[in-house]
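Novice: Submitted below is the structure of interest, expressed as structure tokens.
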Amino acid sequence: MQIAIVLFDRFTALDAVGPYEMLCRIPGAKTVFVAEQPGPVRGDRGSLALVADKTLDEVPTPDIVLVPGGPGQSAQMDNEALLGWLRTADATSTWTTSVCTGSLLLAAAGLLKGRRATSHWLALDVLAVFGAEPTGERVVTDGKFITAAGVSSGIDMGLTLVGGIAGDEYAQAIQLGTEYDPPRTTPARRRRPRLRSSRSSAPRAGSSSIRSCPLTELDR
């Protein structure tokens with residue numbers, strides 16, 4: 001299973017790294033960061049860069065597409081090199097996903113027309129301009145499209161996708177290993193998916209999901 005995470009100048013780092021930390025632990029997953037050109041791509045703060053190992057053209061048919069957001073998203077809204085790749089990759093992908101304003105890029109590519117979707121709350125209304133149905137939920141699944149709200153919600157999206165692929169217990173094992181323990185009470189418009197696993201309700205240490213989940217990688 002190939003997971004392609006898109007990078008562009010001035011993306012928000014957690015939009016990409018948050019779901020990456022969840023998805024990279026799916027059995028058999030191979031994650032690749034892609035951009036128009038290979039090499040370091042700077043995030044929105046300028047002090048951090050992620051490395052794109054492949055160009056967009058080198059990864060035409062990923063199983064999962066993940067598009068982060070960030071201030072640099074605005075400059076990509078008419079970038080046909082990226083938008084065209086999104087349309088091509090989506091034609092064969094199993095899942096097409098986004099975090100924050102990355103959903104606006106999916107929408108600009110024409111992929112969210114008539115679909116429910118979310119984005120950062122400041123950009124939520126823009127989705128309607130492209131024919132999508134904006135919703136204030138933290139993670140929205142519509143068919144094979146999964147969109148997440150702002151920044152940290154990418155972690156929730158990643159866990160939701162892990163649950164759909166490897167099962168909820170496996171996702172809960174990853175949640176336990178990463179100690180992602182969000183509060184139970186959040187505003188209604190940003191409610192989290194029901195995949196929460198506190199230490200008291202997590203899979204037992206001897207369960208098959210714990211044994212098979214690569215949590216030991218967290219100690220590196």
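Here, A, B, ... name the chains of the structure tokens in the order displayed, residue numbers run from 1 inside each chain, and ligands are numbered from 1 in the same displayed order.
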Mind checking which residues fall within 9 Å of range 142-145 of chain A, counting only C-alpha atoms, ignoring those fewer than 3 positions away in the same chain, and posting them as a PDB file with N, CA and C atoms, in the first residue's frame?
Specialist:
ATOM      1  N   SER A  93      -7.050   5.895  -6.782  1.00  0.00           N
ATOM      2  CA  SER A  93      -6.773   5.767  -5.353  1.00  0.00           C
ATOM      3  C   SER A  93      -7.901   5.030  -4.641  1.00  0.00           C
ATOM      4  N   THR A  94      -7.537   4.413  -3.533  1.00  0.00           N
ATOM      5  CA  THR A  94      -8.540   3.801  -2.664  1.00  0.00           C
ATOM      6  C   THR A  94      -9.128   4.847  -1.726  1.00  0.00           C
ATOM      7  N   TRP A  95      -8.267   5.739  -1.252  1.00  0.00           N
ATOM      8  CA  TRP A  95      -8.686   6.834  -0.367  1.00  0.00           C
ATOM      9  C   TRP A  95      -8.030   8.119  -0.835  1.00  0.00           C
ATOM     10  N   THR A  96      -8.792   9.204  -0.857  1.00  0.00           N
ATOM     11  CA  THR A  96      -8.255  10.537  -1.137  1.00  0.00           C
ATOM     12  C   THR A  96      -8.588  11.409   0.068  1.00  0.00           C
ATOM     13  N   THR A  97      -7.559  11.987   0.693  1.00  0.00           N
ATOM     14  CA  THR A  97      -7.751  12.639   1.982  1.00  0.00           C
ATOM     15  C   THR A  97      -7.092  14.014   2.018  1.00  0.00           C
ATOM     16  N   SER A  98      -7.490  14.790   3.007  1.00  0.00           N
ATOM     17  CA  SER A  98      -6.886  16.114   3.187  1.00  0.00           C
ATOM     18  C   SER A  98      -6.953  16.513   4.644  1.00  0.00           C
ATOM     19  N   LEU A 111     -12.853  17.558  -7.189  1.00  0.00           N
ATOM     20  CA  LEU A 111     -13.057  16.231  -6.614  1.00  0.00           C
ATOM     21  C   LEU A 111     -14.119  16.189  -5.516  1.00  0.00           C
ATOM     22  N   LEU A 112     -14.521  17.350  -5.008  1.00  0.00           N
ATOM     23  CA  LEU A 112     -15.450  17.362  -3.881  1.00  0.00           C
ATOM     24  C   LEU A 112     -16.835  17.885  -4.250  1.00  0.00           C
ATOM     25  N   ARG A 115     -20.108  16.697  -2.529  1.00  0.00           N
ATOM     26  CA  ARG A 115     -19.720  15.874  -1.376  1.00  0.00           C
ATOM     27  C   ARG A 115     -19.634  16.709  -0.112  1.00  0.00           C
ATOM     28  N   ARG A 116     -19.878  16.067   1.026  1.00  0.00           N
ATOM     29  CA  ARG A 116     -19.685  16.699   2.325  1.00  0.00           C
ATOM     30  C   ARG A 116     -18.191  16.763   2.605  1.00  0.00           C
ATOM     31  N   ALA A 117     -17.738  17.881   3.138  1.00  0.00           N
ATOM     32  CA  ALA A 117     -16.309  18.039   3.416  1.00  0.00           C
ATOM     33  C   ALA A 117     -16.110  19.081   4.496  1.00  0.00           C
TER      34      ALA A 117
END
Novice: Could you pull the residues within 10 Å of Asp63 in chain A, counting only C-alpha atoms, minus those fewer than 3 positions along the same chain, as a count of residues only?
Specialist: 14
Novice: Which residues of range 98-193 of chain A sit at most 10 Å from range 67-81 of chain A, using only C-alpha atoms? Give each one's shortest atom pair and distance in Å (one decimal place), in chain and ascending residue order, as JSON lines.
Specialist:
{"residue": "A:Ser98", "atom": "CA", "partner": "A:Val67", "partner_atom": "CA", "distance": 4.5}
{"residue": "A:Val99", "atom": "CA", "partner": "A:Pro68", "partner_atom": "CA", "distance": 4.9}
{"residue": "A:Cys100", "atom": "CA", "partner": "A:Gly69", "partner_atom": "CA", "distance": 5.1}
{"residue": "A:Thr101", "atom": "CA", "partner": "A:Gly69", "partner_atom": "CA", "distance": 4.3}
{"residue": "A:Gly102", "atom": "CA", "partner": "A:Gly69", "partner_atom": "CA", "distance": 4.0}
{"residue": "A:Ser103", "atom": "CA", "partner": "A:Val67", "partner_atom": "CA", "distance": 7.4}
{"residue": "A:Leu104", "atom": "CA", "partner": "A:Met77", "partner_atom": "CA", "distance": 7.8}
{"residue": "A:Leu105", "atom": "CA", "partner": "A:Met77", "partner_atom": "CA", "distance": 6.0}
{"residue": "A:Leu106", "atom": "CA", "partner": "A:Val67", "partner_atom": "CA", "distance": 7.9}
{"residue": "A:Ala107", "atom": "CA", "partner": "A:Met77", "partner_atom": "CA", "distance": 9.3}
{"residue": "A:Ala108", "atom": "CA", "partner": "A:Met77", "partner_atom": "CA", "distance": 6.3}
{"residue": "A:Ala109", "atom": "CA", "partner": "A:Met77", "partner_atom": "CA", "distance": 8.4}
{"residue": "A:Ser119", "atom": "CA", "partner": "A:Gly69", "partner_atom": "CA", "distance": 8.9}
{"residue": "A:His120", "atom": "CA", "partner": "A:Gly69", "partner_atom": "CA", "distance": 8.8}
{"residue": "A:Thr147", "atom": "CA", "partner": "A:Val67", "partner_atom": "CA", "distance": 9.3}
{"residue": "A:Ala148", "atom": "CA", "partner": "A:Pro68", "partner_atom": "CA", "distance": 9.5}
{"residue": "A:Ala149", "atom": "CA", "partner": "A:Gly69", "partner_atom": "CA", "distance": 9.9}
{"residue": "A:Gly150", "atom": "CA", "partner": "A:Gly69", "partner_atom": "CA", "distance": 8.5}
{"residue": "A:Val151", "atom": "CA", "partner": "A:Gly69", "partner_atom": "CA", "distance": 7.9}
{"residue": "A:Gly154", "atom": "CA", "partner": "A:Pro68", "partner_atom": "CA", "distance": 8.6}
Novice: Find the distance between CA of Glu179 in chain A and CA of Gly167 in chain A and write it in Å to one decimal.
Specialist: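 Taking CA of Glu179 in chain A as the start and CA of Gly167 in chain A as the end point, the length is 18.4 Å.
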Novice: Have a look at CA of Glu36 in chain A and CA of Leu23 in chain A and let me know their distance in Å, one decimal.
Specialist: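 CA of Glu36 in chain A sits 22.5 Å away from CA of Leu23 in chain A.
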Novice: Between A:Val139, A:Leu122, A:Met22, A:Val34, which has the minimum distance to Gln172 in chain A (counting only C-alpha atoms)?
Specialist: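 Distance minimum relative to Gln172 in chain A lands on A:Met22.
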Novice: Write out as number ranges by chain all residues of range 42-82 of chain A that DSSP puts in helix (DSSP H, G or I) for this structure's backbone.
Specialist: A: 56-58, 71-76, 80-82
Novice: Write a file of the selected residues as an mmCIF file, in the first residue's frame, keeping N, CA and C atoms.
Specialist:
data_model
loop_
_atom_site.group_PDB
_atom_site.id
_atom_site.type_symbol
_atom_site.label_atom_id
_atom_site.label_comp_id
_atom_site.auth_asym_id
_atom_site.auth_seq_id
_atom_site.Cartn_x
_atom_site.Cartn_y
_atom_site.Cartn_z
ATOM 1 N N LEU A 56 5.780 14.446 -8.351
ATOM 2 C CA LEU A 56 4.400 14.029 -8.560
ATOM 3 C C LEU A 56 4.307 13.000 -9.685
ATOM 4 N N ASP A 57 5.019 13.261 -10.781
ATOM 5 C CA ASP A 57 4.950 12.367 -11.935
ATOM 6 C C ASP A 57 5.492 10.980 -11.640
ATOM 7 N N GLU A 58 6.369 10.869 -10.650
ATOM 8 C CA GLU A 58 6.953 9.573 -10.319
ATOM 9 C C GLU A 58 6.027 8.709 -9.467
ATOM 10 N N PRO A 71 -0.677 28.153 4.733
ATOM 11 C CA PRO A 71 -0.749 29.417 4.007
ATOM 12 C C PRO A 71 -0.376 29.295 2.535
ATOM 13 N N GLY A 72 0.515 28.349 2.222
ATOM 14 C CA GLY A 72 0.945 28.175 0.838
ATOM 15 C C GLY A 72 -0.104 27.564 -0.063
ATOM 16 N N GLN A 73 -1.192 27.097 0.508
ATOM 17 C CA GLN A 73 -2.263 26.486 -0.297
ATOM 18 C C GLN A 73 -2.847 27.475 -1.301
ATOM 19 N N SER A 74 -2.960 28.721 -0.908
ATOM 20 C CA SER A 74 -3.579 29.728 -1.792
ATOM 21 C C SER A 74 -2.856 29.826 -3.133
ATOM 22 N N ALA A 75 -1.535 29.745 -3.094
ATOM 23 C CA ALA A 75 -0.750 29.857 -4.329
ATOM 24 C C ALA A 75 -0.873 28.625 -5.217
ATOM 25 N N GLN A 76 -1.438 27.557 -4.682
ATOM 26 C CA GLN A 76 -1.566 26.312 -5.443
ATOM 27 C C GLN A 76 -2.952 26.131 -6.067
ATOM 28 N N GLU A 80 -1.982 23.923 -12.157
ATOM 29 C CA GLU A 80 -2.521 22.769 -12.870
ATOM 30 C C GLU A 80 -1.623 21.547 -12.759
ATOM 31 N N ALA A 81 -0.326 21.752 -12.523
ATOM 32 C CA ALA A 81 0.554 20.601 -12.328
ATOM 33 C C ALA A 81 0.103 19.791 -11.116
ATOM 34 N N LEU A 82 -0.240 20.476 -10.037
ATOM 35 C CA LEU A 82 -0.707 19.802 -8.829
ATOM 36 C C LEU A 82 -2.154 19.342 -8.971
#
Novice: Could you pull out all residues of range 2-215 of chain A with a DSSP call of strand (DSSP E or B) and give them as number ranges by chain?
Specialist: A: 2-6, 11, 30-35, 39-43, 49-52, 54-55, 64-67, 95-99, 116-117, 133-134, 139-142, 145-148
Novice: Excluding Gln37 in chain A and any residue of its chain fewer than 6 positions from it, enumerate the residues within 8 Å of it, using only C-alpha atoms, and give them as a ChimeraX atom specification.
Specialist: /A:52,54-56
Novice: Just N, CA and C atoms for this one: save the residues we selected as a compact mmCIF listing (two decimals), in the first residue's frame.
Specialist:
# COMPACT_ATOMS: atom_id res chain seq x y z
N ALA A 52 10.89 15.88 -0.08
CA ALA A 52 10.12 15.16 -1.08
C ALA A 52 11.08 14.22 -1.81
N LYS A 54 10.15 11.97 -4.09
CA LYS A 54 9.69 11.71 -5.45
C LYS A 54 8.96 12.93 -6.00
N THR A 55 8.95 13.07 -7.32
CA THR A 55 8.13 14.09 -7.95
C THR A 55 6.70 13.55 -8.08
N LEU A 56 5.78 14.45 -8.35
CA LEU A 56 4.40 14.03 -8.56
C LEU A 56 4.31 13.00 -9.69
Novice: Restricting the calculation to only C-alpha atoms: of A:Ile165, A:Leu159, A:Ala173, A:Ala16, which residue gets closest to Val65 in chain A?
Specialist: A:Ala16
Novice: Compile the contact shell of range 47-49 of chain A as a list in words: residues with an atom at most 12 Å away, counting only C-alpha atoms, same-chain residues fewer than 2 positions apart removed.
Specialist: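 In the requested format, the answer is Leu7, Phe8, Asp9, Arg10, Phe11, Thr12, Ala13, Leu14, Ala16, Val17, Phe33, Gly39, Pro40, Val41, Arg42, Gly43, Asp44, Arg45, Val51 and Ala52 of chain A.
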Novice: Quick one: write out the picked residues with N, CA and C atoms as a PDB file, in the first residue's frame?
Specialist:
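File out.pdb, as written:
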ATOM      1  N   LEU A   7       3.573  17.714  -0.737  1.00  0.00           N
ATOM      2  CA  LEU A   7       4.233  18.871  -0.127  1.00  0.00           C
ATOM      3  C   LEU A   7       4.246  20.026  -1.114  1.00  0.00           C
ATOM      4  N   PHE A   8       4.124  21.234  -0.583  1.00  0.00           N
ATOM      5  CA  PHE A   8       4.251  22.449  -1.383  1.00  0.00           C
ATOM      6  C   PHE A   8       4.792  23.538  -0.471  1.00  0.00           C
ATOM      7  N   ASP A   9       5.345  24.570  -1.058  1.00  0.00           N
ATOM      8  CA  ASP A   9       5.959  25.642  -0.275  1.00  0.00           C
ATOM      9  C   ASP A   9       4.964  26.249   0.699  1.00  0.00           C
ATOM     10  N   ARG A  10       5.369  26.356   1.976  1.00  0.00           N
ATOM     11  CA  ARG A  10       4.591  26.955   3.057  1.00  0.00           C
ATOM     12  C   ARG A  10       3.378  26.104   3.459  1.00  0.00           C
ATOM     13  N   PHE A  11       3.552  24.776   3.408  1.00  0.00           N
ATOM     14  CA  PHE A  11       2.534  23.898   3.985  1.00  0.00           C
ATOM     15  C   PHE A  11       2.660  23.953   5.512  1.00  0.00           C
ATOM     16  N   THR A  12       1.616  23.526   6.214  1.00  0.00           N
ATOM     17  CA  THR A  12       1.672  23.452   7.671  1.00  0.00           C
ATOM     18  C   THR A  12       2.190  22.079   8.067  1.00  0.00           C
ATOM     19  N   ALA A  13       3.263  22.044   8.830  1.00  0.00           N
ATOM     20  CA  ALA A  13       3.966  20.791   9.103  1.00  0.00           C
ATOM     21  C   ALA A  13       3.079  19.735   9.762  1.00  0.00           C
ATOM     22  N   LEU A  14       2.303  20.123  10.776  1.00  0.00           N
ATOM     23  CA  LEU A  14       1.499  19.135  11.488  1.00  0.00           C
ATOM     24  C   LEU A  14       0.408  18.542  10.598  1.00  0.00           C
ATOM     25  N   ALA A  16       0.799  17.482   7.715  1.00  0.00           N
ATOM     26  CA  ALA A  16       1.405  16.332   7.039  1.00  0.00           C
ATOM     27  C   ALA A  16       1.946  15.315   8.030  1.00  0.00           C
ATOM     28  N   VAL A  17       2.636  15.784   9.069  1.00  0.00           N
ATOM     29  CA  VAL A  17       3.323  14.889  10.000  1.00  0.00           C
ATOM     30  C   VAL A  17       2.347  14.194  10.941  1.00  0.00           C
ATOM     31  N   PHE A  33       6.772  11.095   0.421  1.00  0.00           N
ATOM     32  CA  PHE A  33       6.457  12.513   0.305  1.00  0.00           C
ATOM     33  C   PHE A  33       6.744  12.943  -1.130  1.00  0.00           C
ATOM     34  N   GLY A  39      13.364  17.084  -3.195  1.00  0.00           N
ATOM     35  CA  GLY A  39      14.226  17.851  -2.311  1.00  0.00           C
ATOM     36  C   GLY A  39      13.463  18.474  -1.173  1.00  0.00           C
ATOM     37  N   PRO A  40      14.142  19.299  -0.351  1.00  0.00           N
ATOM     38  CA  PRO A  40      13.503  19.913   0.817  1.00  0.00           C
ATOM     39  C   PRO A  40      12.391  20.883   0.416  1.00  0.00           C
ATOM     40  N   VAL A  41      11.296  20.829   1.169  1.00  0.00           N
ATOM     41  CA  VAL A  41      10.177  21.754   0.968  1.00  0.00           C
ATOM     42  C   VAL A  41       9.915  22.425   2.313  1.00  0.00           C
ATOM     43  N   ARG A  42       9.952  23.755   2.333  1.00  0.00           N
ATOM     44  CA  ARG A  42       9.824  24.502   3.584  1.00  0.00           C
ATOM     45  C   ARG A  42       8.378  24.632   4.037  1.00  0.00           C
ATOM     46  N   GLY A  43       8.179  24.460   5.339  1.00  0.00           N
ATOM     47  CA  GLY A  43       6.867  24.657   5.920  1.00  0.00           C
ATOM     48  C   GLY A  43       6.556  26.127   6.100  1.00  0.00           C
ATOM     49  N   ASP A  44       5.384  26.424   6.675  1.00  0.00           N
ATOM     50  CA  ASP A  44       4.919  27.801   6.738  1.00  0.00           C
ATOM     51  C   ASP A  44       5.702  28.673   7.706  1.00  0.00           C
ATOM     52  N   ARG A  45       6.463  28.072   8.620  1.00  0.00           N
ATOM     53  CA  ARG A  45       7.265  28.870   9.547  1.00  0.00           C
ATOM     54  C   ARG A  45       8.674  29.130   9.014  1.00  0.00           C
ATOM     55  N   VAL A  51      11.448  16.483   3.259  1.00  0.00           N
ATOM     56  CA  VAL A  51      12.082  16.140   1.993  1.00  0.00           C
ATOM     57  C   VAL A  51      11.121  15.360   1.106  1.00  0.00           C
ATOM     58  N   ALA A  52      10.894  15.883  -0.078  1.00  0.00           N
ATOM     59  CA  ALA A  52      10.122  15.156  -1.084  1.00  0.00           C
ATOM     60  C   ALA A  52      11.079  14.216  -1.809  1.00  0.00           C
TER      61      ALA A  52
END
Novice: For Ser153 in chain A, which residue out of A:Tyr180, A:Trp85, A:Phe130, A:Tyr170 is the nearest one, using only C-alpha atoms?
Specialist: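 Among the listed residues, A:Tyr180 lies closest to Ser153 in chain A.
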